[in-house]
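Okay, structure first, notes after.
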Amino acid sequence: MTTKHTSKTLYRSEVPAEQTWNLTDLFASDNAWEKELEKVKEDVQQVVQYKGKLGTDAATLFACLSVLEAFQKRVIHVATYANLRSSADGSDPNNQRDAAKVASALAGIGTKLSFINSELLTLSDETIEQFLKEEPKLKVYQKMLADIAEKKPYTLAPDIEETLAAFGEVHDAPYMIYERSKSSDMVFDDIEDDQGNKLPMSAALYEDRYEIAADAGIRQKSYASFSHTLNQYKNTFAANYATEVTRQVTEARLRNYGSVTDMLLHQQQVTKEMYHNQLDVIQQELAPHMRRYAKLKKEKLGQDKLHYYDLQAPLEPDFDPQTTYEEATATIEEALQIMGPEYSEIINKGVNNRWVDRSNNVGKASGAFCDTPYGVHPYIMVTWTGAMRGAFILAHELGHAGHFYLAGENQNLMNTEPSTYFVEAPSTLNELLLAEHLLNKTDDKQMKRWVITQLLGTYYHNFITHLLEGEFQRRVYALAEAGTPLTADVLTKQKREALENFWGDAVEFDEDAGLTWMRQPHYYMGLYPYTYSAGLTVSTAIAQKIKTEGKPAVDRWLDVLKSGGSKKPLELIKQAGVDMSKPDAIKEAVAYVGSLVDELEKSYE
């Protein structure tokens with residue numbers, strides 16, 4: 001069944017309600033949200049009243065952390081509401097205004113609450129241990145207290161910490177400027193198909209539809225339009241990103257970290273060895289497999305050269321399964337039944353209770369994400385185009401939803417969120433389970449090939465696109481710490497080199513390929529990009545365990561999801577039966593990708 005694409009991008013007000021998320025689950029109205037925003041700004045005093053008292057006794061410490069937790073839940077709801085509205089339509093001046101209001105409020109609140117970390121850091125380990133004995137209820141905050149204690153060597157004087165917190169809004173500005181520019185200011189020239197029909201062009205349409213189009217002309221024209229606009233913004237975006245990097249490097253030096261990478265990995269509770277293993281092993285061992293895949297794609301597409309903008313072209317352009325949103329969600333639910341009734345019920349709620357915003361409208365942020373306000377339910381953003389590939393994207397985001405729903409049900413707020421090193425494992429596992437389900441459902445050789453290429457698309461996304469973003473970051477931080485100015489030309493050169501080193505001569509790169517660094521907001525989120533590969537490494541191992549062990553492996557995994565952020569990532573992953581302190585799991589995941597390429601090659605014999 002096919003979904004008809006609209007020839008016109010709708011305004012948000014024109015989108016049918018069923019295609020949008022239900023924000024009334026957060027606040028009944030914009031007015032209710034506005035009142036709560038003002039109220040939380042006042043109620044921060046309920047926490048501030050404990051300033052200077054955290055070391056008094058165990059009961060006082062518990063009272064403060066309890067009040068803090070309840071207050072933070074409210075702040076999360078207020079911030080999420082504004083962020084979701086802004087993501088749904090960043091071109092709306094009201095949404096821009098309210099996002100700015102929240103950013104300002106959060107900065108003020110952060111400044112007022114900075115005393116908590118500062119005071120906790122003055123408490124000795126012995127005092128904390130004594131308090132935990134005296135007040136058993138404090139145990140729910142034990143990991144939080146331990147995590148803060150680990151930061152002692154890198155903490156500045158309380159007044160300096162408070163000053164830094166006061167600059168929170170300024171520190172967050174580069175990300176806000178990037179998102180605002182991309183969603184509201186960047187305009188792309190329309191393109192034409194072979195029949196002369198005009199096709200609308202946007203960042204979301206390029207990434208979700210045209211980049212993976214079967215028509216080589218559409219891929220080339222949309223890439224040219226996309227690159228033309230990126231070129232117009234590259235100097236501004238470079239200055240903005242350089243500001244973000246300078247902020248991180250400066251903070252790392254102020255806090256006496258060996259490097260900015262040390263600081264960012266410390267935040268993730270990840271060792272340098274784990275970080276470099278992901279970047280080095282995958283680049284070295286995956287490149288030969290993916291070059292084989294590129295060669296196969298070039299051959300099957302009948303092209304003399306495989307251009308950079310052809311990398312995500314379908315292997316068989318005439319075979320592009322389309323589906324409705326309803327059919328796709330039904331298939332996803334079937335595929336995830338292997339996870340058991342508790343998990344399946346969560347997915348069903350997500351699909352049927354308007355957790356998902358799937359419209360394509362003016363001002364909508366590109367890409368996909370899942371936001372998880374504690375105590376409400378997850379919110380998922382995708383742009384549904386009718387291509388069956390969208391089922392994998394939706395399954396991915398539902399994986400985040402299932403994870404954080406279970407964590408929220410089983411952990412307090414402070415213990416809900418795990419390290420970003422782990423966070424992409426539950427989402428990518430859903431993609432692997434969907435692929436397995438689709439392969440088992442069909443005997444059609446062409447359909448099987450299509451599913452394998454979707455799996456390879458998942459690995460491309462996590463093991464190549466995001467991993468090479470991680471490699472780019474590694475290079476950028478080294479340059480920044482050496483004092484090299486991060487101009488547009490420097491950033492574009494580094495990005496292109498990272499791409500060329502991986503693909504070799506299997507792919508033809510033009511000058512604009514290096515502009516890829518402008519496409520992702522992840523660079524404003526610390527060392528986030530490489531963690532996609534860590535998550536997929538874990539989920540690859542878990543998918544194999546579920547395949548061979550069945551329910552015991554599923555039960556272990558559900559326990560891990562319910563653990564939220566109550567454990568460090570290495571310990572959390574070991575609970576599922578995978579050891580990420582060694583490169584073995586990475587090598588096995590890469591070998592699995594190689595076997596998928598083998599299978600594709602054999603299918604054409």
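All residue names refer to the structure tokens as shown: chains lettered A, B, ... in order, residues numbered from 1 in each chain, ligands numbered from 1 in order.
Using only C-alpha atoms, the contacts of Asp185 of chain A at a cut-off of 10 Å, with sequence neighbours closer than 5 positions omitted, comprise Gly90, Ser91, Glu179, Arg180, Tyr233 and Gly363 of chain A.
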### Task
Run DSSP on the backbone and give me the residues of segment 170-216 of chain A it puts in strand (DSSP E or B), as an MDAnalysis selection string.
chainID A and resid 191:192 198:199
### Task
Work out how far apart atom CA of Asp89 of chain A and atom CA of Asn361 of chain A are and give it in Å to one decimal.
7.5 Å
### Query
segment 68-70 of chain A: which residues within 12 Å, counting only C-alpha atoms, same-chain residues fewer than 5 positions away excluded, as a PyMOL selection string?
chain A and resi 40+43-51+61-63+75-77+109-110+112-117+140-141+144+374-375+412-416
Those residues you just picked out, can you put them in a file as an mmCIF file, in the first residue's frame with N, CA and C atoms?
```
data_model
loop_
_atom_site.group_PDB
_atom_site.id
_atom_site.type_symbol
_atom_site.label_atom_id
_atom_site.label_comp_id
_atom_site.auth_asym_id
_atom_site.auth_seq_id
_atom_site.Cartn_x
_atom_site.Cartn_y
_atom_site.Cartn_z
ATOM 1 N N VAL A 40 7.219 27.728 39.143
ATOM 2 C CA VAL A 40 8.492 27.046 39.445
ATOM 3 C C VAL A 40 9.595 28.076 39.700
ATOM 4 N N ASP A 43 8.955 28.804 43.244
ATOM 5 C CA ASP A 43 9.088 27.657 44.157
ATOM 6 C C ASP A 43 10.500 27.115 44.285
ATOM 7 N N VAL A 44 11.426 27.642 43.501
ATOM 8 C CA VAL A 44 12.818 27.226 43.666
ATOM 9 C C VAL A 44 13.276 27.525 45.100
ATOM 10 N N GLN A 45 12.587 28.498 45.741
ATOM 11 C CA GLN A 45 12.939 28.855 47.126
ATOM 12 C C GLN A 45 12.690 27.692 48.088
ATOM 13 N N GLN A 46 11.790 26.788 47.717
ATOM 14 C CA GLN A 46 11.544 25.614 48.563
ATOM 15 C C GLN A 46 12.802 24.752 48.698
ATOM 16 N N VAL A 47 13.642 24.801 47.661
ATOM 17 C CA VAL A 47 14.916 24.071 47.709
ATOM 18 C C VAL A 47 16.000 24.959 48.309
ATOM 19 N N VAL A 48 15.991 26.229 47.914
ATOM 20 C CA VAL A 48 17.043 27.158 48.360
ATOM 21 C C VAL A 48 17.052 27.320 49.879
ATOM 22 N N GLN A 49 15.900 27.074 50.533
ATOM 23 C CA GLN A 49 15.852 27.210 52.001
ATOM 24 C C GLN A 49 16.850 26.291 52.705
ATOM 25 N N TYR A 50 17.337 25.265 51.982
ATOM 26 C CA TYR A 50 18.295 24.332 52.590
ATOM 27 C C TYR A 50 19.751 24.753 52.374
ATOM 28 N N LYS A 51 19.948 25.886 51.723
ATOM 29 C CA LYS A 51 21.310 26.346 51.441
ATOM 30 C C LYS A 51 22.084 26.542 52.745
ATOM 31 N N LEU A 61 19.508 16.443 54.953
ATOM 32 C CA LEU A 61 19.972 16.103 53.600
ATOM 33 C C LEU A 61 18.865 15.385 52.829
ATOM 34 N N PHE A 62 18.217 14.425 53.467
ATOM 35 C CA PHE A 62 17.135 13.691 52.792
ATOM 36 C C PHE A 62 15.982 14.628 52.432
ATOM 37 N N ALA A 63 15.641 15.524 53.349
ATOM 38 C CA ALA A 63 14.540 16.458 53.093
ATOM 39 C C ALA A 63 14.850 17.328 51.879
ATOM 40 N N VAL A 75 10.052 21.126 36.766
ATOM 41 C CA VAL A 75 10.876 21.885 35.813
ATOM 42 C C VAL A 75 10.995 21.123 34.488
ATOM 43 N N ILE A 76 11.177 19.810 34.592
ATOM 44 C CA ILE A 76 11.274 18.976 33.383
ATOM 45 C C ILE A 76 10.001 19.084 32.553
ATOM 46 N N HIS A 77 8.861 19.049 33.195
ATOM 47 C CA HIS A 77 7.586 19.151 32.473
ATOM 48 C C HIS A 77 7.458 20.502 31.767
ATOM 49 N N ILE A 109 17.262 29.241 37.628
ATOM 50 C CA ILE A 109 17.070 28.140 38.572
ATOM 51 C C ILE A 109 18.386 27.411 38.806
ATOM 52 N N GLY A 110 19.130 27.173 37.714
ATOM 53 C CA GLY A 110 20.417 26.479 37.828
ATOM 54 C C GLY A 110 21.382 27.214 38.728
ATOM 55 N N LYS A 112 20.588 29.246 41.197
ATOM 56 C CA LYS A 112 20.116 29.153 42.588
ATOM 57 C C LYS A 112 20.372 27.772 43.197
ATOM 58 N N LEU A 113 20.353 26.748 42.359
ATOM 59 C CA LEU A 113 20.515 25.384 42.875
ATOM 60 C C LEU A 113 21.960 24.885 42.849
ATOM 61 N N SER A 114 22.869 25.708 42.358
ATOM 62 C CA SER A 114 24.270 25.254 42.252
ATOM 63 C C SER A 114 24.872 24.952 43.623
ATOM 64 N N PHE A 115 24.252 25.498 44.687
ATOM 65 C CA PHE A 115 24.785 25.262 46.043
ATOM 66 C C PHE A 115 24.744 23.775 46.413
ATOM 67 N N ILE A 116 23.804 23.023 45.820
ATOM 68 C CA ILE A 116 23.636 21.629 46.229
ATOM 69 C C ILE A 116 24.901 20.828 45.932
ATOM 70 N N ASN A 117 25.365 20.885 44.682
ATOM 71 C CA ASN A 117 26.598 20.181 44.341
ATOM 72 C C ASN A 117 27.767 20.691 45.169
ATOM 73 N N VAL A 140 18.140 5.776 48.184
ATOM 74 C CA VAL A 140 17.708 6.000 46.793
ATOM 75 C C VAL A 140 18.571 7.060 46.108
ATOM 76 N N TYR A 141 19.275 7.860 46.905
ATOM 77 C CA TYR A 141 20.144 8.898 46.339
ATOM 78 C C TYR A 141 21.626 8.509 46.412
ATOM 79 N N MET A 144 23.629 8.952 43.155
ATOM 80 C CA MET A 144 23.779 10.381 42.882
ATOM 81 C C MET A 144 24.893 10.979 43.753
ATOM 82 N N TYR A 374 9.742 12.768 32.974
ATOM 83 C CA TYR A 374 9.509 11.823 34.065
ATOM 84 C C TYR A 374 8.098 11.981 34.629
ATOM 85 N N GLY A 375 7.416 10.843 34.799
ATOM 86 C CA GLY A 375 6.095 10.859 35.419
ATOM 87 C C GLY A 375 4.945 11.110 34.469
ATOM 88 N N ASN A 412 13.642 6.213 40.889
ATOM 89 C CA ASN A 412 13.327 7.611 41.159
ATOM 90 C C ASN A 412 13.974 8.470 40.081
ATOM 91 N N LEU A 413 13.626 9.743 40.038
ATOM 92 C CA LEU A 413 14.104 10.624 38.968
ATOM 93 C C LEU A 413 15.630 10.630 38.858
ATOM 94 N N MET A 414 16.312 10.666 39.986
ATOM 95 C CA MET A 414 17.782 10.769 39.977
ATOM 96 C C MET A 414 18.450 9.530 39.371
ATOM 97 N N ASN A 415 17.750 8.397 39.392
ATOM 98 C CA ASN A 415 18.350 7.149 38.908
ATOM 99 C C ASN A 415 17.758 6.677 37.578
ATOM 100 N N THR A 416 17.086 7.576 36.878
ATOM 101 C CA THR A 416 16.392 7.151 35.651
ATOM 102 C C THR A 416 17.299 7.093 34.439
#
```
### Query
DSSP on the backbone: what in segment 547-579 of chain A comes out helix (DSSP H, G or I), as a PyMOL selection string?
chain A and resi 547-549+551-563+569-575
How about saving the chosen residues, C-alpha atoms kept, as a PDB file, in the first residue's frame?
```pdb
ATOM      1  CA  LYS A 547      17.850 -15.420  19.241  1.00  0.00           C
ATOM      2  CA  THR A 548      19.744 -18.251  20.927  1.00  0.00           C
ATOM      3  CA  GLU A 549      18.449 -18.108  24.527  1.00  0.00           C
ATOM      4  CA  LYS A 551      13.095 -15.610  27.326  1.00  0.00           C
ATOM      5  CA  PRO A 552      16.045 -15.675  29.795  1.00  0.00           C
ATOM      6  CA  ALA A 553      17.910 -13.152  27.620  1.00  0.00           C
ATOM      7  CA  VAL A 554      14.749 -11.023  27.279  1.00  0.00           C
ATOM      8  CA  ASP A 555      14.188 -11.066  31.047  1.00  0.00           C
ATOM      9  CA  ARG A 556      17.795 -10.009  31.713  1.00  0.00           C
ATOM     10  CA  TRP A 557      17.409  -7.183  29.205  1.00  0.00           C
ATOM     11  CA  LEU A 558      14.140  -5.956  30.727  1.00  0.00           C
ATOM     12  CA  ASP A 559      15.854  -5.896  34.132  1.00  0.00           C
ATOM     13  CA  VAL A 560      18.607  -3.764  32.592  1.00  0.00           C
ATOM     14  CA  LEU A 561      16.035  -1.341  31.137  1.00  0.00           C
ATOM     15  CA  LYS A 562      14.300  -1.115  34.512  1.00  0.00           C
ATOM     16  CA  SER A 563      17.652  -0.322  36.150  1.00  0.00           C
ATOM     17  CA  PRO A 569      27.375   1.838  31.943  1.00  0.00           C
ATOM     18  CA  LEU A 570      29.981  -0.920  32.102  1.00  0.00           C
ATOM     19  CA  GLU A 571      28.203  -2.566  35.054  1.00  0.00           C
ATOM     20  CA  LEU A 572      24.779  -2.090  33.451  1.00  0.00           C
ATOM     21  CA  ILE A 573      25.868  -3.746  30.203  1.00  0.00           C
ATOM     22  CA  LYS A 574      27.569  -6.611  32.054  1.00  0.00           C
ATOM     23  CA  GLN A 575      24.214  -7.252  33.747  1.00  0.00           C
TER      24      GLN A 575
END
```
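Atom CA of Tyr532 of chain A lies 5.1 Å from atom CA of Asn462 of chain A.
Minimum distance to Gly399 of chain A across A:Ser427, A:Ser539, A:Thr323, A:Ser118 (counting only C-alpha atoms) occurs at A:Ser427.
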Report the closest atom pair, with its distance in Å rounded to one decimal, for each residue of segment 313-430 of chain A that has an atom no farther than 10 Å from segment 266-272 of chain A; count only C-alpha atoms, sort by chain and then rising residue number, and write it as JSON lines.
```
{"residue": "A:Pro418", "atom": "CA", "partner": "A:Gln268", "partner_atom": "CA", "distance": 8.7}
{"residue": "A:Ser419", "atom": "CA", "partner": "A:Gln268", "partner_atom": "CA", "distance": 5.2}
{"residue": "A:Thr420", "atom": "CA", "partner": "A:Gln268", "partner_atom": "CA", "distance": 6.3}
{"residue": "A:Tyr421", "atom": "CA", "partner": "A:Gln268", "partner_atom": "CA", "distance": 6.5}
{"residue": "A:Phe422", "atom": "CA", "partner": "A:Gln268", "partner_atom": "CA", "distance": 9.3}
```
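For the pair atom CA of Ala58 of chain A and atom CA of Phe131 of chain A, the separation is 4.6 Å.
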#### Entry: Distance query Pro317 of chain A at most 8 Å, only C-alpha atoms, self and fewer than 5 positions along chain excluded, as a PyMOL selection string
chain A and resi 213-215+301
Any chance you could export the current selection's N, CA and C atoms as a tab-separated table (two decimals), in the first residue's frame?
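This went into result-v8.tsv:
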```tsv
chain	number	residue	atom	x	y	z
A	213	ALA	N	16.29	8.48	-2.12
A	213	ALA	CA	15.43	8.31	-3.30
A	213	ALA	C	16.05	7.35	-4.31
A	214	ALA	N	15.19	6.64	-5.03
A	214	ALA	CA	15.65	5.72	-6.07
A	214	ALA	C	16.17	6.48	-7.28
A	215	ASP	N	15.62	7.63	-7.54
A	215	ASP	CA	15.96	8.44	-8.70
A	215	ASP	C	17.30	9.16	-8.48
A	301	LEU	N	23.59	-0.24	-9.30
A	301	LEU	CA	22.98	1.00	-9.75
A	301	LEU	C	23.40	1.35	-11.18
```
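Residues within 9 Å of Asn348 of chain A, counting only C-alpha atoms and excluding same-chain residues fewer than 5 positions away, are Thr329, Glu333, Tyr343 and Asn353 of chain A.
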Take the residues that were just selected and, keeping N, CA and C atoms, output them as a short mmCIF file (atom, residue, chain, number, x, y, z; two decimals), in the first residue's frame.
```cif
data_model
loop_
_atom_site.label_atom_id
_atom_site.label_comp_id
_atom_site.auth_asym_id
_atom_site.auth_seq_id
_atom_site.Cartn_x
_atom_site.Cartn_y
_atom_site.Cartn_z
N THR A 329 3.01 0.49 12.15
CA THR A 329 2.95 0.32 13.60
C THR A 329 2.46 -1.08 13.99
N GLU A 333 4.62 -3.69 16.28
CA GLU A 333 4.06 -4.35 17.47
C GLU A 333 4.21 -5.86 17.40
N TYR A 343 6.36 -5.14 27.99
CA TYR A 343 6.98 -4.24 27.01
C TYR A 343 6.01 -3.95 25.87
N ASN A 353 -1.85 6.22 21.76
CA ASN A 353 -2.22 7.32 22.66
C ASN A 353 -1.56 8.64 22.31
#
```
### Closest of A:Ala407, A:Phe226, A:Phe472, A:Thr236 to Ala488 of chain A - atom-to-atom distances counting only C-alpha atoms
A:Thr236
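Proximity ranking of A:Ala335, A:Leu515, A:Ile546, A:Ala401 relative to Gln232 of chain A places A:Leu515 first, based on only C-alpha atoms.
Closest approach to Ala591 of chain A among A:Glu34, A:Glu424, A:Glu285, A:Asp190: A:Glu285, based on only C-alpha atoms.
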